[in-house]
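Novice: Have a look at this one before I ask anything.
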Amino acid sequence: MNKTALFYLTALLATAPALASGIPALFPFAAQSHDQKGEVEMGWSTSINGTNNGVLNFKKKDDLKGKCDGITCTISGKITPAYSLPRFNHSPFTLPGFKKTNSSFEAKCSGSGTIKYDRDAYEKVEAQGNCRLHIANTGDVLIKGDLSAQGSTILYLDSGNYWLDSLKLSGDTKLVINGSGDVNFYIKDNVDVSISNQIGSPSQKVNIFHYDNDEVKLGDNAKWYGDIKSYGDVKLKGSSKLYGAVQAKSLELSGSTRLYLDAGTYWYEEVDLQGSARVIPQGDELTTFYIEEDLELQGSTELGTSENPVLAFVYGDGDDDGEAELEGSSKIYGYVYVEGELEMQGSTKIFGAVNVVDLEMEGSASINYSAIPVSGEVHHYKLSFDVEANHLTAYACGDEACSEALLYSRSATLHIKDGLNNNSISNFNKFLKSDKDTNPNTKLEKNKCIQFVDKKADPKPESSPGLRCYLSDGTQLPNCKLCAEQDVQSSLAAYVYDEITLNEEKLGETIPNFNFYITDINGTGTLQTGNRVLKKGSEVSFPLDLTYNKAEAISLTIKGDNGKNGKNRQEVEYQLELVFVPKQLRWSAADCSGDSGFLYAEHAASCTVLGNAGEQVGLTLQAYGENDKLIDDYSAQLQGIVIHELTAELEQTREFEQGIFEFNQKSKASFETTSKIASVALIQATVPETCAPYAVSDNGCMLYTDGDIAIVGRTVPDRLLITGIPGKLKNGFAYRGKETEFSEFPYFTIRGCAVGQSDEKCSLKSYRGEFAKGLFIDAVGFKNNSEYLLSLENLNDYISLGGDGVHTVDVPPLTFKKRDLDKSKKLAQLFQDADDDLNLVLNAKVMSDAVINADGTYSPPMGSRQAKIAETGEVRFGFITLMDAEIPVNKEGIMFTKLHYYGESLKQLKEDISTDYDLSDGSHVQAALDGNSVKNLTFGFKPKAGSEVSEDIKVDPYASELKDIIVTIEGLHDWLKPADKDNEGDLADPEALLDITGRFSPGERTFNRREATR
């Protein structure tokens, strides 16, 4: 090798990125880069929580204006190890060869009739109107063209395979499966479903196998149980829901769709979520996405859940880097590795961690760290045994579910022996992730057992048991023990109200031409076949379909004979144990949320109030059988129940485990939480999958009862703490009859308190937003209401909700009463000398958040408190004084006014020269002489210099002399009116005397007679 080549190789080795030893090593902190050119940019209000003390592992930075763990972010100039992504799998599945037909027979149904067809080939199948169309199937039905249904048709399909050109379902179409198996649609061209009914069920799926590279469209409000495999794109629209596995070219969800995705590994070119769509993984395995080009979330969409996060790898298509983009308020629960840029805008959030080339964050986007639920070591070893092929496969698992993406990526060794017969079975040496032995030493003789035991395991597994064994169909082997004729999960177990079928497969053999009858039944419920109740002595025949209405194990003895006597008589007897278990334990759920979470206007009435924050609350479980039928009685010891406290936006703030609970459907279906609920919250409860105590066999659980997760109600404050804050009067005084003006307004604060909190420690920050929109002002007024006037309309308009749980109530427009007062109230009143009668009182409660009491009454959270309007200042009884005047004939004149108020006595009159008032605001002037109006004498209002208000009256020129004219200002606001001399409690219009005289010398000004007298 020449020196140049040696130097070039050395440079390559020096710059080659280090590779991560496992998936957990990719996500040590909330955000990091694996590329030498990686750059991070964070705008104001963005945050990353879960960093290395505020330091991010990036080589470069642009603007770093956000916060990392509450402090200014910096970069380390380092990167984390890169990950060697597997080659993108463009063919994760292969569909079987498509079956065709040239049939010209058409199966049609319209109107309101019922038609049944029993053929194996059609040109097309079409249903319209209200008809009921039955299609029989003994294995495969071939349709040359479309299978379509519209209107209110009901399509009855036997379980089996259907091969067709396209599938079109619309309107109120229903699809009913006859038989016990699935319906499989093999579709060459289009799939367009836009219905509002349920298709399939958890026990009977309707699966789609799509051969075209076009779209599979599921829309409207369809609820579809089944798997989809498509060479094209899968699009969910409207408010449709899909329960199953979806493998396709690309995945797009819009509207308020929900994809309840089976746990597993998925390969897509693109994943696009819009609207409020959500992908909700199911099962224990960490669901993994390999995405070739783009991952995009918009609106309020969500990918993953806090209980079931996802792992996503975004590649890029070779020419362009991969890209992940979050907009709006979308969220990802999981771990995202991008061979390109991750861009977060708006109020988007990631709960987990990211490893990218470039990271750009804007708006109030945040990344909140949680460790990936694996350690990077061998969690346990898994064996999968294919009995027919005699193949044994070993896996070094990195997590509890043995997820494919988290298999141990370093060298592992596992030696397996037969623990019962003490001979070697297989040696797996220095394998990566998994290894297969196609010829293990597994001699499984009749009536014999073997037990897989790890003779050597390196590295040692972290969990116990360290070796877990399964058959190739997924059946777990208890204690890794396998027997020649072992029935791991008994087929003589079923759900209450569901069927157990007794046939030759279940019984070993059934002898033809025998007469069979029941000789013994030991159970407390009703055993039926169809609508016929079976009792001791009932005749039966095989196959025999049995249903039962109780959750229990029963013994059943069936005898049979050939009908002959003596030596020719032959008999057979079947002694059976039938186990019937609940299908599901289900919470008594409440309607507490929609796509946007809890909205008070929509959910306050339907979301049950369970109790107050700070106390234990009651929950109710119910056991159901098949077809959602409630079971009369069921008892079991339950554990693993988890209670979650959620915000109105459905974000979890706290969870705790309930502890062991003795459940009894009749006597103890309801129970109290073991811990107190700490906050005002939506209460979500989770009960895991359980096994009925009588369904546990030596080989494990015969049939599991499904669990449930549901929001069961909410909590509210125990009481309201109200605090009054005094205001400050503008200029230090207020006039009776006039709306009071403040330089600082008085107000109240309202806090929600938990049970047991004192006033000093009262704090419920969770009582905010939608939770607090039920706050209602029950009453506001004065302790002595005879002294004051308040505007009491639309009181709730004065409430301002605070984000920290502290809410304010402004005082409504306030006027001190001026009419019907005794003499003492006309005097200037000082606030500092006032008693409680001057205090403002606020009563508040939350109208729709009442907790029901034992006696059936309701107690809403409420509170009451007083507040002074102001600490200091005075209340004045003011009025306008109109001054007497003399003006010359044919001359314009002025009648002056002054603003007076009473001082310490009614004889002490004080003048206010600082407060403006406007006589022209709604008032007018009248003139009378000897009780009659004065013709042709007119008045106006004179604007104040430099102001728009008029405080004086302008008298227009008058042609003749008149004396003792009474001039009155009518229509003034109450605060400007003097007291009525004749009726002490009423108010009068101000009046004065006006003389028009010829005694003035030229140029002499108008004078005021009363003022001259004084």
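Just so we're on the same page: first chain in the structure tokens is A, next is B, and so on; residues restart at 1 for each chain, and ligands are numbered from 1 in the order they show up.
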Extract, using only C-alpha atoms, all DNA, RNA and protein residues at most 9 Å from Thr938 in chain A, discarding same-chain residues fewer than 4 positions from it, and format them as a ChimeraX atom specification.
Specialist: /A:925-927,934,954-958
Novice: Tell me, as a ChimeraX atom specification, which residues lie within 9 Å of Asn308 in chain A, counting only C-alpha atoms; anything in the same chain fewer than 6 positions away does not count.
Specialist: /A:280-287,333-334
Novice: Would you mind exporting C-alpha atoms of the selected residues as a short mmCIF file (atom, residue, chain, number, x, y, z; two decimals), in the first residue's frame?
Specialist:
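Result written to result.cif:
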data_model
loop_
_atom_site.label_atom_id
_atom_site.label_comp_id
_atom_site.auth_asym_id
_atom_site.auth_seq_id
_atom_site.Cartn_x
_atom_site.Cartn_y
_atom_site.Cartn_z
CA ILE A 280 -52.97 4.73 19.51
CA PRO A 281 -50.69 1.66 19.77
CA GLN A 282 -52.09 -1.44 21.44
CA GLY A 283 -50.31 -4.23 23.34
CA ASP A 284 -47.11 -4.44 25.34
CA GLU A 285 -44.57 -4.35 22.51
CA LEU A 286 -42.87 -1.08 21.57
CA THR A 287 -44.42 -0.24 18.19
CA TYR A 333 -45.20 10.17 22.64
CA GLY A 334 -42.02 8.28 21.83
#
Novice: Just checking: using only C-alpha atoms, which residue out of A:Gly525, A:Gly346, A:Gly238, A:Gly226 ends up closest to Asp262 in chain A?
Specialist: A:Gly226
Novice: Return the single residue from A:Ser403, A:Val176, A:Asp884, A:Asp214 that is closest to Asn190 in chain A, with distances computed using only C-alpha atoms.
Specialist: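 Closest to Asn190 in chain A of all the choices is A:Asp214.
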Novice: Would you kindly return, as a ChimeraX atom specification, each protein, DNA or RNA residue with an atom no farther than 10 Å from any atom of Phe351 in chain A, considering only C-alpha atoms and excluding same-chain residues fewer than 5 positions away?
Specialist: /A:30,49,304-306,309,331-335,366-371
Novice: Those residues with N, CA, C and O atoms, as a tab-separated table (two decimals), in the first residue's frame please?
Specialist:
chain	number	residue	atom	x	y	z
A	30	ALA	N	-32.89	14.34	26.22
A	30	ALA	CA	-34.11	14.69	25.50
A	30	ALA	C	-33.85	14.96	24.02
A	30	ALA	O	-34.65	14.59	23.17
A	49	ASN	N	-36.58	19.80	28.12
A	49	ASN	CA	-36.47	19.39	29.51
A	49	ASN	C	-35.94	17.96	29.57
A	49	ASN	O	-36.54	17.04	29.02
A	304	GLY	N	-48.82	7.90	19.25
A	304	GLY	CA	-48.45	7.23	20.47
A	304	GLY	C	-49.22	7.76	21.66
A	304	GLY	O	-49.97	8.74	21.57
A	305	THR	N	-49.04	7.11	22.81
A	305	THR	CA	-49.66	7.55	24.06
A	305	THR	C	-48.60	7.46	25.16
A	305	THR	O	-47.54	6.86	24.97
A	306	SER	N	-48.91	8.04	26.31
A	306	SER	CA	-47.95	7.99	27.42
A	306	SER	C	-47.75	6.55	27.89
A	306	SER	O	-46.66	6.19	28.34
A	309	PRO	N	-45.71	4.37	24.07
A	309	PRO	CA	-44.94	5.24	23.16
A	309	PRO	C	-44.50	4.46	21.92
A	309	PRO	O	-44.61	3.24	21.85
A	331	LYS	N	-48.66	16.21	19.02
A	331	LYS	CA	-47.80	15.60	20.04
A	331	LYS	C	-47.30	14.25	19.55
A	331	LYS	O	-48.00	13.53	18.84
A	332	ILE	N	-46.09	13.92	19.96
A	332	ILE	CA	-45.55	12.58	19.77
A	332	ILE	C	-45.14	12.05	21.14
A	332	ILE	O	-44.43	12.72	21.90
A	333	TYR	N	-45.65	10.88	21.46
A	333	TYR	CA	-45.20	10.17	22.64
A	333	TYR	C	-44.25	9.07	22.16
A	333	TYR	O	-44.70	8.05	21.63
A	334	GLY	N	-42.95	9.30	22.29
A	334	GLY	CA	-42.02	8.28	21.83
A	334	GLY	C	-40.66	8.84	21.50
A	334	GLY	O	-40.27	9.93	21.93
A	335	TYR	N	-39.95	8.11	20.66
A	335	TYR	CA	-38.54	8.33	20.41
A	335	TYR	C	-38.33	8.41	18.90
A	335	TYR	O	-38.72	7.51	18.15
A	366	SER	N	-41.93	22.14	22.73
A	366	SER	CA	-41.12	21.60	23.82
A	366	SER	C	-40.85	20.12	23.60
A	366	SER	O	-41.63	19.41	22.98
A	367	ILE	N	-39.71	19.68	24.12
A	367	ILE	CA	-39.34	18.27	24.16
A	367	ILE	C	-39.13	17.91	25.62
A	367	ILE	O	-38.37	18.58	26.33
A	368	ASN	N	-39.83	16.87	26.08
A	368	ASN	CA	-39.83	16.50	27.50
A	368	ASN	C	-39.35	15.06	27.62
A	368	ASN	O	-39.99	14.15	27.12
A	369	TYR	N	-38.23	14.89	28.30
A	369	TYR	CA	-37.54	13.61	28.27
A	369	TYR	C	-38.19	12.54	29.15
A	369	TYR	O	-38.64	12.81	30.26
A	370	SER	N	-38.25	11.34	28.60
A	370	SER	CA	-38.49	10.15	29.41
A	370	SER	C	-37.62	9.05	28.80
A	370	SER	O	-37.48	8.96	27.57
A	371	ALA	N	-37.03	8.25	29.65
A	371	ALA	CA	-36.10	7.23	29.16
A	371	ALA	C	-36.84	6.14	28.41
A	371	ALA	O	-37.97	5.78	28.75
Novice: Just how far from CA of Gly275 in chain A is CA of Asn355 in chain A, in Å to one decimal?
Specialist: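 Result for CA of Asn355 in chain A versus CA of Gly275 in chain A: 26.3 Å, one decimal.
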Novice: Enumerate the residues of range 668-700 of chain A with a DSSP assignment of strand (DSSP E or B), computed from the backbone, and present them as a PyMOL selection string.
Specialist: chain A and resi 668+670-672+682-687+690+696-697+700
Novice: Within 9 Å of Ala992 in chain A, counting only C-alpha atoms, which residues qualify if same-chain residues fewer than 2 places away don't, as a list of chain:residue names?
Specialist: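 Skipping anything fewer than 2 positions along the chain leaves A:Thr881, A:Leu882, A:Met883, A:Asp884, A:Ala885, A:Met895, A:Ile965, A:Ile966, A:Val967, A:Thr968, A:Pro990, A:Leu994.
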Novice: Can you write just those residues out, N, CA and C atoms, as a PDB file, in the first residue's frame?
Specialist:
ATOM      1  N   THR A 881     -76.303  74.526  41.777  1.00  0.00           N
ATOM      2  CA  THR A 881     -76.978  75.768  42.184  1.00  0.00           C
ATOM      3  C   THR A 881     -77.038  76.685  40.976  1.00  0.00           C
ATOM      4  N   LEU A 882     -78.249  77.015  40.522  1.00  0.00           N
ATOM      5  CA  LEU A 882     -78.447  77.946  39.404  1.00  0.00           C
ATOM      6  C   LEU A 882     -78.579  79.356  39.978  1.00  0.00           C
ATOM      7  N   MET A 883     -77.747  80.268  39.538  1.00  0.00           N
ATOM      8  CA  MET A 883     -77.668  81.615  40.104  1.00  0.00           C
ATOM      9  C   MET A 883     -78.716  82.537  39.465  1.00  0.00           C
ATOM     10  N   ASP A 884     -79.375  83.409  40.346  1.00  0.00           N
ATOM     11  CA  ASP A 884     -80.297  84.427  39.818  1.00  0.00           C
ATOM     12  C   ASP A 884     -79.544  85.386  38.906  1.00  0.00           C
ATOM     13  N   ALA A 885     -80.294  86.013  37.951  1.00  0.00           N
ATOM     14  CA  ALA A 885     -79.608  86.899  37.009  1.00  0.00           C
ATOM     15  C   ALA A 885     -80.530  88.020  36.544  1.00  0.00           C
ATOM     16  N   MET A 895     -76.763  82.863  32.686  1.00  0.00           N
ATOM     17  CA  MET A 895     -77.126  82.436  34.040  1.00  0.00           C
ATOM     18  C   MET A 895     -76.086  81.405  34.471  1.00  0.00           C
ATOM     19  N   ILE A 965     -89.022  85.988  36.522  1.00  0.00           N
ATOM     20  CA  ILE A 965     -89.184  84.786  35.685  1.00  0.00           C
ATOM     21  C   ILE A 965     -88.512  83.617  36.426  1.00  0.00           C
ATOM     22  N   ILE A 966     -89.225  82.501  36.574  1.00  0.00           N
ATOM     23  CA  ILE A 966     -88.642  81.303  37.221  1.00  0.00           C
ATOM     24  C   ILE A 966     -88.038  80.415  36.129  1.00  0.00           C
ATOM     25  N   VAL A 967     -86.724  80.243  36.189  1.00  0.00           N
ATOM     26  CA  VAL A 967     -85.996  79.412  35.202  1.00  0.00           C
ATOM     27  C   VAL A 967     -85.620  78.089  35.884  1.00  0.00           C
ATOM     28  N   THR A 968     -85.974  76.978  35.226  1.00  0.00           N
ATOM     29  CA  THR A 968     -85.729  75.633  35.775  1.00  0.00           C
ATOM     30  C   THR A 968     -84.937  74.788  34.772  1.00  0.00           C
ATOM     31  N   PRO A 990     -83.069  72.100  39.737  1.00  0.00           N
ATOM     32  CA  PRO A 990     -82.571  73.406  40.194  1.00  0.00           C
ATOM     33  C   PRO A 990     -83.295  74.555  39.468  1.00  0.00           C
ATOM     34  N   LEU A 994     -84.958  85.180  37.047  1.00  0.00           N
ATOM     35  CA  LEU A 994     -84.360  85.937  35.959  1.00  0.00           C
ATOM     36  C   LEU A 994     -85.191  87.210  35.731  1.00  0.00           C
TER      37      LEU A 994
END
Novice: Show me, as number ranges by chain, the residues that have an atom within 8 Å of Glu770 in chain A when counting only C-alpha atoms, minus same-chain residues fewer than 5 positions from it.
Specialist: A: 598-600, 648
Novice: Just write the chosen residues, N, CA and C atoms, as an mmCIF file, in the first residue's frame.
Specialist:
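This went into again_27.cif:
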data_model
loop_
_atom_site.group_PDB
_atom_site.id
_atom_site.type_symbol
_atom_site.label_atom_id
_atom_site.label_comp_id
_atom_site.auth_asym_id
_atom_site.auth_seq_id
_atom_site.Cartn_x
_atom_site.Cartn_y
_atom_site.Cartn_z
ATOM 1 N N PHE A 598 -61.569 18.258 27.666
ATOM 2 C CA PHE A 598 -62.742 18.643 28.454
ATOM 3 C C PHE A 598 -63.125 20.088 28.132
ATOM 4 N N LEU A 599 -64.365 20.286 27.689
ATOM 5 C CA LEU A 599 -64.898 21.623 27.449
ATOM 6 C C LEU A 599 -66.086 21.814 28.388
ATOM 7 N N TYR A 600 -66.015 22.829 29.246
ATOM 8 C CA TYR A 600 -67.025 22.969 30.287
ATOM 9 C C TYR A 600 -68.428 23.068 29.707
ATOM 10 N N ALA A 648 -57.529 19.237 31.759
ATOM 11 C CA ALA A 648 -58.622 19.362 30.798
ATOM 12 C C ALA A 648 -58.152 19.067 29.378
#
Novice: Using only C-alpha atoms, determine which residues lie at most 9 Å from Glu400 in chain A, disregarding the query and same-chain residues fewer than 5 positions distant; provide the list as a VMD selection string.
Specialist: chain A and resid 284 to 285 373 to 374 379 to 380 463
Novice: Taking N, CA and C atoms for each residue, export the selection above as a PDB file, in the first residue's frame.
Specialist:
ATOM      1  N   ASP A 284     -48.274  -4.726  24.499  1.00  0.00           N
ATOM      2  CA  ASP A 284     -47.114  -4.444  25.342  1.00  0.00           C
ATOM      3  C   ASP A 284     -45.860  -4.111  24.547  1.00  0.00           C
ATOM      4  N   GLU A 285     -45.785  -4.540  23.301  1.00  0.00           N
ATOM      5  CA  GLU A 285     -44.574  -4.351  22.507  1.00  0.00           C
ATOM      6  C   GLU A 285     -44.406  -2.887  22.107  1.00  0.00           C
ATOM      7  N   PRO A 373     -38.004   2.602  27.505  1.00  0.00           N
ATOM      8  CA  PRO A 373     -38.207   1.557  28.533  1.00  0.00           C
ATOM      9  C   PRO A 373     -37.356   0.308  28.323  1.00  0.00           C
ATOM     10  N   VAL A 374     -36.090   0.501  28.032  1.00  0.00           N
ATOM     11  CA  VAL A 374     -35.155  -0.626  27.905  1.00  0.00           C
ATOM     12  C   VAL A 374     -33.801  -0.162  28.427  1.00  0.00           C
ATOM     13  N   HIS A 379     -32.646  -8.177  28.383  1.00  0.00           N
ATOM     14  CA  HIS A 379     -33.726  -8.206  29.365  1.00  0.00           C
ATOM     15  C   HIS A 379     -34.084  -9.652  29.704  1.00  0.00           C
ATOM     16  N   HIS A 380     -34.255 -10.483  28.657  1.00  0.00           N
ATOM     17  CA  HIS A 380     -34.468 -11.924  28.829  1.00  0.00           C
ATOM     18  C   HIS A 380     -34.221 -12.598  27.481  1.00  0.00           C
ATOM     19  N   SER A 463     -33.825  -9.726  33.857  1.00  0.00           N
ATOM     20  CA  SER A 463     -35.126  -9.968  34.469  1.00  0.00           C
ATOM     21  C   SER A 463     -35.279 -11.437  34.835  1.00  0.00           C
TER      22      SER A 463
END
Novice: Which one is closest to Asp995 in chain A: A:Ser960, A:Ser166, A:Thr749, A:Ser464? Count only C-alpha atoms.
Specialist: A:Ser960
Novice: Write out as CSV the residues of range 706-815 of chain A that have any atom within 12 Å of an atom of range 651-666 of chain A, one row each with the nearest atom pair and its distance in Å to one decimal, counting only C-alpha atoms, sorted by chain and then rising number.
Specialist:
residue,atom,partner,partner_atom,distance
A:Ile711,CA,A:Gln652,CA,11.9
A:Lys765,CA,A:Thr653,CA,11.8
A:Ser766,CA,A:Thr653,CA,9.6
Novice: Could you tell me how far CA of Leu703 in chain A lies from CA of Ser203 in chain A, in Å and to one decimal?
Specialist: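 CA of Ser203 in chain A lies 13.2 Å from CA of Leu703 in chain A.
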Novice: Find the spatial neighbours of His415 in chain A, counting only C-alpha atoms, within a cut-off of 10 Å - ignore same-chain residues fewer than 6 positions away - and output them as a ChimeraX atom specification.
Specialist: /A:394,424-429,452-458
Novice: Residues of the last selection are to be written out with N, CA, C and O atoms, as a PDB file, in the first residue's frame.
Specialist:
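In the end it all went to selection13.pdb:
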ATOM      1  N   ALA A 394     -33.850 -18.612  18.784  1.00  0.00           N
ATOM      2  CA  ALA A 394     -33.501 -17.912  20.025  1.00  0.00           C
ATOM      3  C   ALA A 394     -33.436 -16.408  19.761  1.00  0.00           C
ATOM      4  O   ALA A 394     -32.941 -15.970  18.721  1.00  0.00           O
ATOM      5  N   SER A 424     -28.582 -32.297  25.980  1.00  0.00           N
ATOM      6  CA  SER A 424     -28.426 -31.013  25.279  1.00  0.00           C
ATOM      7  C   SER A 424     -29.432 -30.914  24.143  1.00  0.00           C
ATOM      8  O   SER A 424     -29.661 -31.881  23.412  1.00  0.00           O
ATOM      9  N   ILE A 425     -30.031 -29.713  23.989  1.00  0.00           N
ATOM     10  CA  ILE A 425     -30.994 -29.488  22.909  1.00  0.00           C
ATOM     11  C   ILE A 425     -30.381 -28.648  21.799  1.00  0.00           C
ATOM     12  O   ILE A 425     -30.438 -29.007  20.625  1.00  0.00           O
ATOM     13  N   SER A 426     -29.766 -27.503  22.149  1.00  0.00           N
ATOM     14  CA  SER A 426     -29.234 -26.628  21.110  1.00  0.00           C
ATOM     15  C   SER A 426     -28.241 -25.650  21.721  1.00  0.00           C
ATOM     16  O   SER A 426     -28.397 -25.237  22.878  1.00  0.00           O
ATOM     17  N   ASN A 427     -27.210 -25.278  20.931  1.00  0.00           N
ATOM     18  CA  ASN A 427     -26.239 -24.271  21.340  1.00  0.00           C
ATOM     19  C   ASN A 427     -26.260 -23.112  20.360  1.00  0.00           C
ATOM     20  O   ASN A 427     -25.999 -23.289  19.165  1.00  0.00           O
ATOM     21  N   PHE A 428     -26.584 -21.923  20.835  1.00  0.00           N
ATOM     22  CA  PHE A 428     -26.558 -20.712  20.019  1.00  0.00           C
ATOM     23  C   PHE A 428     -25.334 -19.918  20.464  1.00  0.00           C
ATOM     24  O   PHE A 428     -25.307 -19.369  21.570  1.00  0.00           O
ATOM     25  N   ASN A 429     -24.317 -19.856  19.597  1.00  0.00           N
ATOM     26  CA  ASN A 429     -23.046 -19.252  19.971  1.00  0.00           C
ATOM     27  C   ASN A 429     -22.827 -17.916  19.265  1.00  0.00           C
ATOM     28  O   ASN A 429     -22.965 -17.824  18.040  1.00  0.00           O
ATOM     29  N   PHE A 452     -37.245 -26.751  28.402  1.00  0.00           N
ATOM     30  CA  PHE A 452     -36.122 -25.940  27.942  1.00  0.00           C
ATOM     31  C   PHE A 452     -35.500 -25.221  29.140  1.00  0.00           C
ATOM     32  O   PHE A 452     -36.197 -24.486  29.868  1.00  0.00           O
ATOM     33  N   VAL A 453     -34.191 -25.419  29.337  1.00  0.00           N
ATOM     34  CA  VAL A 453     -33.467 -24.794  30.440  1.00  0.00           C
ATOM     35  C   VAL A 453     -32.194 -24.169  29.882  1.00  0.00           C
ATOM     36  O   VAL A 453     -31.530 -24.764  29.020  1.00  0.00           O
ATOM     37  N   ASP A 454     -31.861 -22.964  30.330  1.00  0.00           N
ATOM     38  CA  ASP A 454     -30.634 -22.320  29.861  1.00  0.00           C
ATOM     39  C   ASP A 454     -29.436 -22.848  30.663  1.00  0.00           C
ATOM     40  O   ASP A 454     -29.298 -22.560  31.850  1.00  0.00           O
ATOM     41  N   LYS A 455     -28.615 -23.641  29.982  1.00  0.00           N
ATOM     42  CA  LYS A 455     -27.399 -24.177  30.595  1.00  0.00           C
ATOM     43  C   LYS A 455     -26.330 -23.098  30.687  1.00  0.00           C
ATOM     44  O   LYS A 455     -25.533 -23.051  31.641  1.00  0.00           O
ATOM     45  N   LYS A 456     -26.320 -22.204  29.689  1.00  0.00           N
ATOM     46  CA  LYS A 456     -25.373 -21.094  29.670  1.00  0.00           C
ATOM     47  C   LYS A 456     -26.052 -19.898  29.019  1.00  0.00           C
ATOM     48  O   LYS A 456     -26.693 -20.027  27.977  1.00  0.00           O
ATOM     49  N   ALA A 457     -25.927 -18.733  29.629  1.00  0.00           N
ATOM     50  CA  ALA A 457     -26.494 -17.496  29.082  1.00  0.00           C
ATOM     51  C   ALA A 457     -25.499 -16.369  29.297  1.00  0.00           C
ATOM     52  O   ALA A 457     -25.186 -16.032  30.442  1.00  0.00           O
ATOM     53  N   ASP A 458     -24.980 -15.813  28.197  1.00  0.00           N
ATOM     54  CA  ASP A 458     -23.984 -14.758  28.289  1.00  0.00           C
ATOM     55  C   ASP A 458     -24.281 -13.689  27.229  1.00  0.00           C
ATOM     56  O   ASP A 458     -24.266 -13.998  26.036  1.00  0.00           O
TER      57      ASP A 458
END
Novice: Which one of A:Ser923, A:Ser763, A:Asn936, A:Thr438 sits closest to Asp974 in chain A if you count only C-alpha atoms?
Specialist: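 So, comparing all the options, the nearest one is A:Ser923.
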Novice: So that I can check the secondary structure, give me every residue of range 346-587 of chain A assigned helix (DSSP H, G or I) by backbone DSSP, as a list of chain:residue names.
Specialist: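 Assigned to helix (DSSP H, G or I), within range 346-587 of chain A: A:Glu404, A:Ala405, A:Leu406, A:Pro478, A:Asn479, A:Cys480, A:Glu504, A:Glu505, A:Lys506, A:Leu507, A:Gly566, A:Lys567, A:Asn568.
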Novice: Looking at only C-alpha atoms, which of A:Val183, A:Leu253, A:Lys981, A:Gly171 is the one that sits closest to Gly139 in chain A?
Specialist: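 Closest residue, counting only C-alpha atoms: A:Val183.
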Novice: Which is closer to Gln584 in chain A than all the others in A:Gly752, A:Gly707, A:Gly769, A:Pro81, using only C-alpha atoms?
Specialist: A:Gly707
